[in-house]
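Asker: Below are the structure tokens for one structure; questions will follow.
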Protein chains: 6
Amino acid sequence: MATLSMIEYEDASDEVRLIYDDIRSTRNTDFINNFWKTLANNPVQLRRTWESIKITMADGALDALTKEFVYIAVSVANSCEYCIHSHTAAARAKGMTADQYAELLSVIGLAHHTNGLVSTMQTPVDAIFRIGE
Amino acid sequence: MATLSMIEYEDASDEVRLIYDDIRSTRNTDFINNFWKTLANNPVQLRRTWESIKITMADGALDALTKEFVYIAVSVANSCEYCIHSHTAAARAKGMTADQYAELLSVIGLAHHTNGLVSTMQTPVDAIFRIGE
Amino acid sequence: MATLSMIEYEDASDEVRLIYDDIRSTRNTDFINNFWKTLANNPVQLRRTWESIKITMADGALDALTKEFVYIAVSVANSCEYCIHSHTAAARAKGMTADQYAELLSVIGLAHHTNGLVSTMQTPVDAIFRIGE
Amino acid sequence: MATLSMIEYEDASDEVRLIYDDIRSTRNTDFINNFWKTLANNPVQLRRTWESIKITMADGALDALTKEFVYIAVSVANSCEYCIHSHTAAARAKGMTADQYAELLSVIGLAHHTNGLVSTMQTPVDAIFRIGE
Amino acid sequence: MATLSMIEYEDASDEVRLIYDDIRSTRNTDFINNFWKTLANNPVQLRRTWESIKITMADGALDALTKEFVYIAVSVANSCEYCIHSHTAAARAKGMTADQYAELLSVIGLAHHTNGLVSTMQTPVDAIFRIGE
Amino acid sequence: MATLSMIEYEDASDEVRLIYDDIRSTRNTDFINNFWKTLANNPVQLRRTWESIKITMADGALDALTKEFVYIAVSVANSCEYCIHSHTAAARAKGMTADQYAELLSVIGLAHHTNGLVSTMQTPVDAIFRIGE
């Protein structure tokens with residue numbers, strides 16, 4: 001289904017295996033999902049992407065679960081099927097409850113709704129919302 | 001700039017004024033932003049949209065600030081300029097700190113990045129991520 | 001604001017003027033909107049685009065106003081500010097009433113809403129909806 | 001394939017069954033499509049969404065078939081596979097002819113084309129198109 | 001899977017066969033991909049679309065492979081699964097190397113990333129970038 | 001217009017100035033565009049983003065101008081006004097001719113067109129296009 005073949009652990013170079021190992025130990029699982037296996041065709045990009053995700057998605061001023069909600073929201077609006085599935089699974093793994101998911105769904109639906117209304121009406125931005133002018 | 005004129009409080013029907021009043025008291029401000037003023041051309045839609053937002057964006061299983069983060073994320077991916085400005089302002093009004101905003105920006109940027117990578121590679125969804133098959 | 005300068009009638013080549021004249025007579029107006037003036041930097045593309053629009057947007061199995069509704073809907077979802085403004089104006093010129101516009105707005109809003117819900121839930125397509133398998 | 005399991009009629013609560021029954025009688029069919037079955041995980045959202053669709057998609061200032069065209073157009077631009085399939089089926093059920101569908105396809109294609117051109121050229125909106133400034 | 005049935009060569013009208021033959025001889029292959037088979041339900045649109053692609057995608061001021069890169073980039077951002085697959089195959093057929101593809105992937109990922117950042121921050125366009133004001 | 005204020009060189013911390021200096025010397029200009037000035041609110045993200053762009057957009061298996069074409073194509077499809085303006089300017093600075101721009105515009109327009117057609121028809125991906133199954 002992909003435009004690139006997937007690199008399994010057994011067939012990976014040492015450089016790729018090191019990153020797979022770090023993904024496994026960071027996430028406390030043996031499972032390597034397909035995103036990494038396709039990305040592994042380019043070990044440099046695999047490493048950079050993993051480092052970005054590892055740093056950016058960790059707990060910080062926003063907790064890790066809130067970050068997953070944001071990730072899902074972006075992926076939904078961009079119609080990224082893979083990303084929606086993988087980050088919904090990640091959110092559940094980080095403790096997302098059914099009630100939280102139901103509200104997330106409501107907010108994402110509503111935001112799309114009003115985005116569509118505003119885009120149709122081309123409502124001008126209120127002066128008060130603008131910064132740095 | 002809009003495709004519809006904006007209805008000011010002074011020119012509004014009683015039906016519209018009631019909703020404007022509810023927006024004001026709920027939000028504890030006299031300010032009515034342009035979204036409502038353009039939507040007010042259709043009082044039924046104004047009322048329904050306000051009721052949806054009032055219910056959906058309140059604290060619940062997700063707190064109100066988290067909901068704003070999700071709203072911003074959707075609006076960014078949908079390129080809704082007005083929505084980005086108004087909900088960034090709303091997030092600040094609800095207490096979003098500069099550090100939280102910096103992380104929100106990082107997560108939104110990263111999600112777009114990996115959405116683009118996955119979409120290019122057409123990575124197939126891992127079987128483990130699927131529910132209800 | 002554009003990435004290309006705009007070609008006014010006075011400065012246009014004969015090739016471009018012929019198309020401007022056809023736009024004017026077809027639309028029964030002297031007004032040439034900015035889309036054509038930017039496109040005129042490439043006379044071949046100007047001619048092809050105008051011919052496509054002239055044929056495609058005319059009354060046929062769908063009437064010309066219905067086609068404008070569809071055009072607006074696509075442009076909203078694609079966040080094309082210029083296209084939304086110009087085709088909303090075109091729809092009004094072709095007789096769109098305030099009530100029709102209010103319903104168009106409602107349908108566009110609702111479609112965005114359910115698009116967002118479905119994309120989040122990744123609902124599988126019912127077998128009955130598929131053709132040619 | 002979904003991120004939520006689907007609720008069949010047999011397994012549904014009374015609250016959900018009432019809505020399923022209303023969908024069936026309104027549409028004059030026993031068939032409940034997957035959208036409702038995934039949405040039924042949250043009965044409140046199921047009810048609100050169904051009520052919105054029931055009201056918004058009925059004949060009014062725009063006839064029900066024109067509304068389906070608009071819905072399809074939005075869903076195409078948003079790449080919502082499920083929505084495209086379900087609303088194309090709905091349009092056919094409401095009498096869409098092959099010729100109408102062929103023209104719908106042409107208009108949607110053309111609108112995407114010019115959206116892409118305008119977005120590339122960043123053509124400024126003509127002053128005459130703007131309202132309420 | 002499609003919303004239209006696919007027209008095979010054996011079942012096609014003479015008008016459609018002529019275009020299929022031209023696709024085959026232009027591309028130096030017997031293979032007719034599904035895009036043309038679905039489009040063939042409307043022979044006029046089939047012919048116009050094929051003529052556009054034949055002219056537009058040929059070597060010119062931009063070489064044919066560069067044009068495929070641009071096509072892939074647009075299709076990724078629009079989440080058009082079919083288009084991504086078919087134009088990635090086309091790029092490979094025109095000589096795209098693994099290194100070129102790796103860089104294409106990086107640029108597409110990065111562009112999405114900064115698009116997301118800019119859209120979140122709503123950075124105003126620098127005066128120096130604007131033409132024709 | 002932005003959701004963040006812009007950091008001018010004079011007001012910048014030493015950490016930010018170092019990056020501004022590197023942007024200036026790499027690009028052989030004194031000009032710092034607004035993207036960097038808004039991003040500078042978060043020096044870590046400024047540095048990481050600049051490093052990514054510096055590496056990714058340099059000549060490699062794809063030349064730097066081809067990369068700008070891809071960048072523009074993504075930004076157009078994502079409706080990122082700022083990105084379209086800044087990368088069109090960058091492409092011109094790297095030698096893009098008027099003829100190349102005209103063809104770029106044609107390809108972007110055509111790709112949007114066929115994306116719209118394919119999305120409407122939901123054409124299934126040909127088996128021959130798929131890799132790694």
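Naming works like this for the structure tokens: A, B, ... for the chains as they're shown, residue 1 at the start of each chain, ligands 1 onward in shown order.
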Set the distance at 9 Å and use only C-alpha atoms: which residues neighbour segment 88-102 of chain F once local chain neighbours fewer than 2 positions away are removed? I'd like the list as a tab-separated table (two decimals) with N, CA, C and O atoms, in the first residue's frame.
Answerer:
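Wrote it out as selection_18.tsv, contents follow:
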chain	number	residue	atom	x	y	z
C	3	THR	N	1.39	37.58	-6.54
C	3	THR	CA	2.76	37.20	-6.88
C	3	THR	C	3.07	37.56	-8.34
C	3	THR	O	4.18	37.31	-8.81
C	41	ASN	N	-1.05	37.15	-17.54
C	41	ASN	CA	0.39	37.07	-17.74
C	41	ASN	C	0.76	35.90	-18.66
C	41	ASN	O	1.84	35.90	-19.24
C	42	ASN	N	-0.12	34.94	-18.74
C	42	ASN	CA	0.08	33.79	-19.62
C	42	ASN	C	-1.16	33.67	-20.50
C	42	ASN	O	-2.14	33.02	-20.12
C	45	GLN	N	-2.88	30.25	-21.02
C	45	GLN	CA	-3.62	29.76	-19.87
C	45	GLN	C	-4.90	30.59	-19.64
C	45	GLN	O	-5.92	30.05	-19.22
D	120	THR	N	-2.04	30.14	-5.93
D	120	THR	CA	-0.66	30.33	-6.37
D	120	THR	C	-0.38	31.80	-6.66
D	120	THR	O	0.67	32.34	-6.28
E	60	GLY	N	9.20	21.13	-20.89
E	60	GLY	CA	9.05	22.52	-21.34
E	60	GLY	C	10.07	23.36	-20.60
E	60	GLY	O	11.23	22.95	-20.47
E	61	ALA	N	9.65	24.51	-20.11
E	61	ALA	CA	10.55	25.32	-19.28
E	61	ALA	C	10.92	24.55	-18.01
E	61	ALA	O	12.00	24.73	-17.45
E	62	LEU	N	10.00	23.71	-17.56
E	62	LEU	CA	10.30	22.75	-16.48
E	62	LEU	C	10.35	21.37	-17.12
E	62	LEU	O	9.51	21.04	-17.98
E	128	ILE	N	8.10	43.41	1.17
E	128	ILE	CA	9.03	43.17	0.06
E	128	ILE	C	8.60	42.00	-0.82
E	128	ILE	O	9.02	41.88	-1.98
E	129	PHE	N	7.77	41.11	-0.30
E	129	PHE	CA	7.36	39.93	-1.07
E	129	PHE	C	6.19	40.22	-2.01
E	129	PHE	O	5.85	39.41	-2.87
E	130	ARG	N	5.54	41.35	-1.82
E	130	ARG	CA	4.31	41.63	-2.56
E	130	ARG	C	4.61	42.33	-3.89
E	130	ARG	O	5.45	43.22	-3.95
F	64	ALA	N	18.31	23.33	-5.55
F	64	ALA	CA	17.60	24.23	-4.63
F	64	ALA	C	16.37	24.87	-5.27
F	64	ALA	O	15.37	25.11	-4.58
F	65	LEU	N	16.38	25.12	-6.56
F	65	LEU	CA	15.22	25.74	-7.20
F	65	LEU	C	14.06	24.75	-7.30
F	65	LEU	O	12.90	25.10	-7.03
F	66	THR	N	14.36	23.52	-7.66
F	66	THR	CA	13.32	22.48	-7.70
F	66	THR	C	12.65	22.34	-6.33
F	66	THR	O	11.43	22.19	-6.22
F	67	LYS	N	13.46	22.44	-5.28
F	67	LYS	CA	12.91	22.35	-3.93
F	67	LYS	C	11.94	23.50	-3.64
F	67	LYS	O	10.94	23.32	-2.94
F	68	GLU	N	12.27	24.69	-4.17
F	68	GLU	CA	11.34	25.80	-3.98
F	68	GLU	C	10.01	25.54	-4.70
F	68	GLU	O	8.95	25.90	-4.20
F	69	PHE	N	10.08	24.94	-5.88
F	69	PHE	CA	8.83	24.61	-6.60
F	69	PHE	C	7.95	23.69	-5.76
F	69	PHE	O	6.74	23.86	-5.69
F	72	ILE	N	6.47	25.63	-2.85
F	72	ILE	CA	5.34	26.46	-3.28
F	72	ILE	C	4.10	25.59	-3.48
F	72	ILE	O	3.00	25.94	-3.04
F	83	CYS	N	3.62	31.64	3.20
F	83	CYS	CA	4.59	30.70	2.62
F	83	CYS	C	4.63	30.82	1.10
F	83	CYS	O	5.69	30.70	0.48
F	84	ILE	N	3.48	31.02	0.49
F	84	ILE	CA	3.42	31.17	-0.96
F	84	ILE	C	4.23	32.41	-1.37
F	84	ILE	O	5.05	32.36	-2.28
F	85	HIS	N	3.98	33.52	-0.68
F	85	HIS	CA	4.69	34.76	-1.01
F	85	HIS	C	6.20	34.61	-0.78
F	85	HIS	O	7.00	34.97	-1.64
F	86	SER	N	6.58	34.07	0.37
F	86	SER	CA	8.01	34.05	0.68
F	86	SER	C	8.77	33.07	-0.22
F	86	SER	O	9.88	33.35	-0.66
F	104	LEU	N	4.89	26.23	-13.80
F	104	LEU	CA	4.61	25.81	-12.42
F	104	LEU	C	3.14	26.04	-12.10
F	104	LEU	O	2.45	25.17	-11.55
F	105	LEU	N	2.66	27.22	-12.46
F	105	LEU	CA	1.26	27.58	-12.23
F	105	LEU	C	0.33	26.59	-12.93
F	105	LEU	O	-0.67	26.12	-12.35
F	106	SER	N	0.66	26.24	-14.16
F	106	SER	CA	-0.18	25.29	-14.92
F	106	SER	C	-0.21	23.91	-14.26
F	106	SER	O	-1.27	23.28	-14.17
F	107	VAL	N	0.94	23.45	-13.82
F	107	VAL	CA	1.00	22.12	-13.21
F	107	VAL	C	0.24	22.11	-11.87
F	107	VAL	O	-0.52	21.18	-11.58
Asker: Set out as a Markdown table a contact list for chain B and chain E with a cut-off of 6 Å, giving each residue of chain B that qualifies its closest atom pair and distance in Å to one decimal, counting only C-alpha atoms, ordered by chain and rising residue number.
Answerer:
| residue | atom | partner | partner_atom | distance |
| --- | --- | --- | --- | --- |
| B:Val76 | CA | E:Ser119 | CA | 5.5 |
| B:Gly109 | CA | E:His113 | CA | 4.8 |
| B:His112 | CA | E:His113 | CA | 5.2 |
| B:His113 | CA | E:His113 | CA | 4.3 |
| B:Gly116 | CA | E:Gly109 | CA | 4.9 |
| B:Leu117 | CA | E:Gly109 | CA | 5.2 |
| B:Ser119 | CA | E:Val76 | CA | 5.5 |
| B:Thr120 | CA | E:Val76 | CA | 5.6 |
Asker: Can you write out the residues you just picked, keeping all heavy atoms, as a tab-separated table (two decimals), in the first residue's frame?
Answerer:
chain	number	residue	atom	x	y	z
B	76	VAL	N	-6.01	25.84	12.44
B	76	VAL	CA	-4.72	26.01	11.75
B	76	VAL	C	-4.68	25.09	10.52
B	76	VAL	O	-4.36	25.53	9.42
B	76	VAL	CB	-3.55	25.69	12.69
B	76	VAL	CG1	-2.26	25.48	11.91
B	76	VAL	CG2	-3.37	26.81	13.71
B	109	GLY	N	3.17	22.17	14.61
B	109	GLY	CA	4.16	22.11	13.53
B	109	GLY	C	4.59	20.67	13.25
B	109	GLY	O	4.62	20.22	12.10
B	112	HIS	N	1.85	18.55	11.56
B	112	HIS	CA	1.82	18.83	10.12
B	112	HIS	C	2.98	18.13	9.40
B	112	HIS	O	2.80	17.59	8.31
B	112	HIS	CB	1.89	20.34	9.86
B	112	HIS	CG	0.58	21.03	9.98
B	112	HIS	ND1	0.05	21.42	11.18
B	112	HIS	CD2	-0.36	21.37	9.05
B	112	HIS	CE1	-1.14	21.98	10.98
B	112	HIS	NE2	-1.40	21.97	9.70
B	113	HIS	N	4.14	18.17	10.02
B	113	HIS	CA	5.31	17.56	9.42
B	113	HIS	C	5.08	16.06	9.16
B	113	HIS	O	5.25	15.57	8.05
B	113	HIS	CB	6.53	17.76	10.34
B	113	HIS	CG	7.83	17.48	9.68
B	113	HIS	ND1	8.93	18.27	9.85
B	113	HIS	CD2	8.22	16.52	8.82
B	113	HIS	CE1	9.94	17.79	9.13
B	113	HIS	NE2	9.53	16.73	8.51
B	116	GLY	N	2.52	15.20	6.58
B	116	GLY	CA	3.07	15.32	5.22
B	116	GLY	C	3.92	14.11	4.85
B	116	GLY	O	3.85	13.60	3.73
B	117	LEU	N	4.72	13.63	5.80
B	117	LEU	CA	5.56	12.45	5.53
B	117	LEU	C	4.70	11.22	5.28
B	117	LEU	O	4.90	10.47	4.32
B	117	LEU	CB	6.49	12.18	6.73
B	117	LEU	CG	7.54	13.23	7.05
B	117	LEU	CD1	8.33	12.83	8.31
B	117	LEU	CD2	8.51	13.45	5.89
B	119	SER	N	1.55	11.02	4.44
B	119	SER	CA	0.74	11.15	3.22
B	119	SER	C	1.59	10.87	1.98
B	119	SER	O	1.14	10.23	1.03
B	119	SER	CB	0.13	12.56	3.16
B	119	SER	OG	-0.63	12.74	1.99
B	120	THR	N	2.84	11.31	1.99
B	120	THR	CA	3.73	11.05	0.85
B	120	THR	C	4.05	9.55	0.74
B	120	THR	O	4.04	8.99	-0.35
B	120	THR	CB	5.06	11.82	1.02
B	120	THR	OG1	4.77	13.19	1.26
B	120	THR	CG2	5.92	11.70	-0.23
Asker: In Å to one decimal, how far is atom CA of Lys37 of chain E from atom CA of Ile53 of chain E?
Answerer: 15.4 Å
Asker: Expressed in Å to a single decimal, how great is the separation between atom CA of Thr49 of chain C and atom CA of His87 of chain D?
Answerer: 29.1 Å
Asker: Could you pull out the alpha helix (DSSP H) residues of chain E, going by DSSP on the backbone, and write them as a ChimeraX atom specification?
Answerer: /E:14-27,34-39,43-56,64-77,81-93,98-121
Asker: In Å, with one decimal, what is the gap from atom CA of Val74 of chain F to atom CA of Asp22 of chain F?
Answerer: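 So the two atoms, atom CA of Val74 of chain F and atom CA of Asp22 of chain F, lie 26.0 Å apart.
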Asker: Residues at most 12 Å from Leu18 of chain F, counting only C-alpha atoms, excluding those fewer than 6 positions away in the same chain, as a list in words?
Answerer: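 In the requested format, the answer is Tyr9, Ala12, Arg24, Ser25, Ala40, Pro43, Leu46, Arg47 and Trp50 of chain F.
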Asker: Those residues with N, CA, C and O atoms, as a compact mmCIF listing (two decimals), in the first residue's frame please?
Answerer:
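Once written, part-v9.txt looks like this:
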# COMPACT_ATOMS: atom_id res chain seq x y z
N TYR F 9 15.90 42.63 15.44
CA TYR F 9 17.30 42.36 15.76
C TYR F 9 17.75 43.14 17.00
O TYR F 9 18.41 42.59 17.89
N ALA F 12 16.59 41.63 20.21
CA ALA F 12 16.77 40.18 20.35
C ALA F 12 17.85 39.84 21.36
O ALA F 12 18.79 40.61 21.60
N ARG F 24 21.43 35.72 7.78
CA ARG F 24 21.94 36.80 6.92
C ARG F 24 23.15 36.37 6.10
O ARG F 24 23.22 36.65 4.90
N SER F 25 24.10 35.69 6.74
CA SER F 25 25.31 35.35 6.00
C SER F 25 25.04 34.20 5.02
O SER F 25 25.54 34.21 3.89
N ALA F 40 11.04 33.75 16.64
CA ALA F 40 12.08 34.08 17.63
C ALA F 40 11.54 34.20 19.05
O ALA F 40 12.31 34.28 20.01
N PRO F 43 13.37 30.75 21.12
CA PRO F 43 14.70 30.61 20.50
C PRO F 43 15.06 29.18 20.12
O PRO F 43 15.72 28.96 19.09
N LEU F 46 13.27 28.42 16.96
CA LEU F 46 13.91 29.23 15.90
C LEU F 46 15.15 28.51 15.39
O LEU F 46 15.33 28.35 14.18
N ARG F 47 15.99 28.08 16.29
CA ARG F 47 17.24 27.43 15.90
C ARG F 47 16.99 26.13 15.15
O ARG F 47 17.55 25.88 14.08
N TRP F 50 15.47 26.78 11.67
CA TRP F 50 16.46 27.33 10.74
C TRP F 50 17.45 26.24 10.29
O TRP F 50 17.76 26.13 9.11
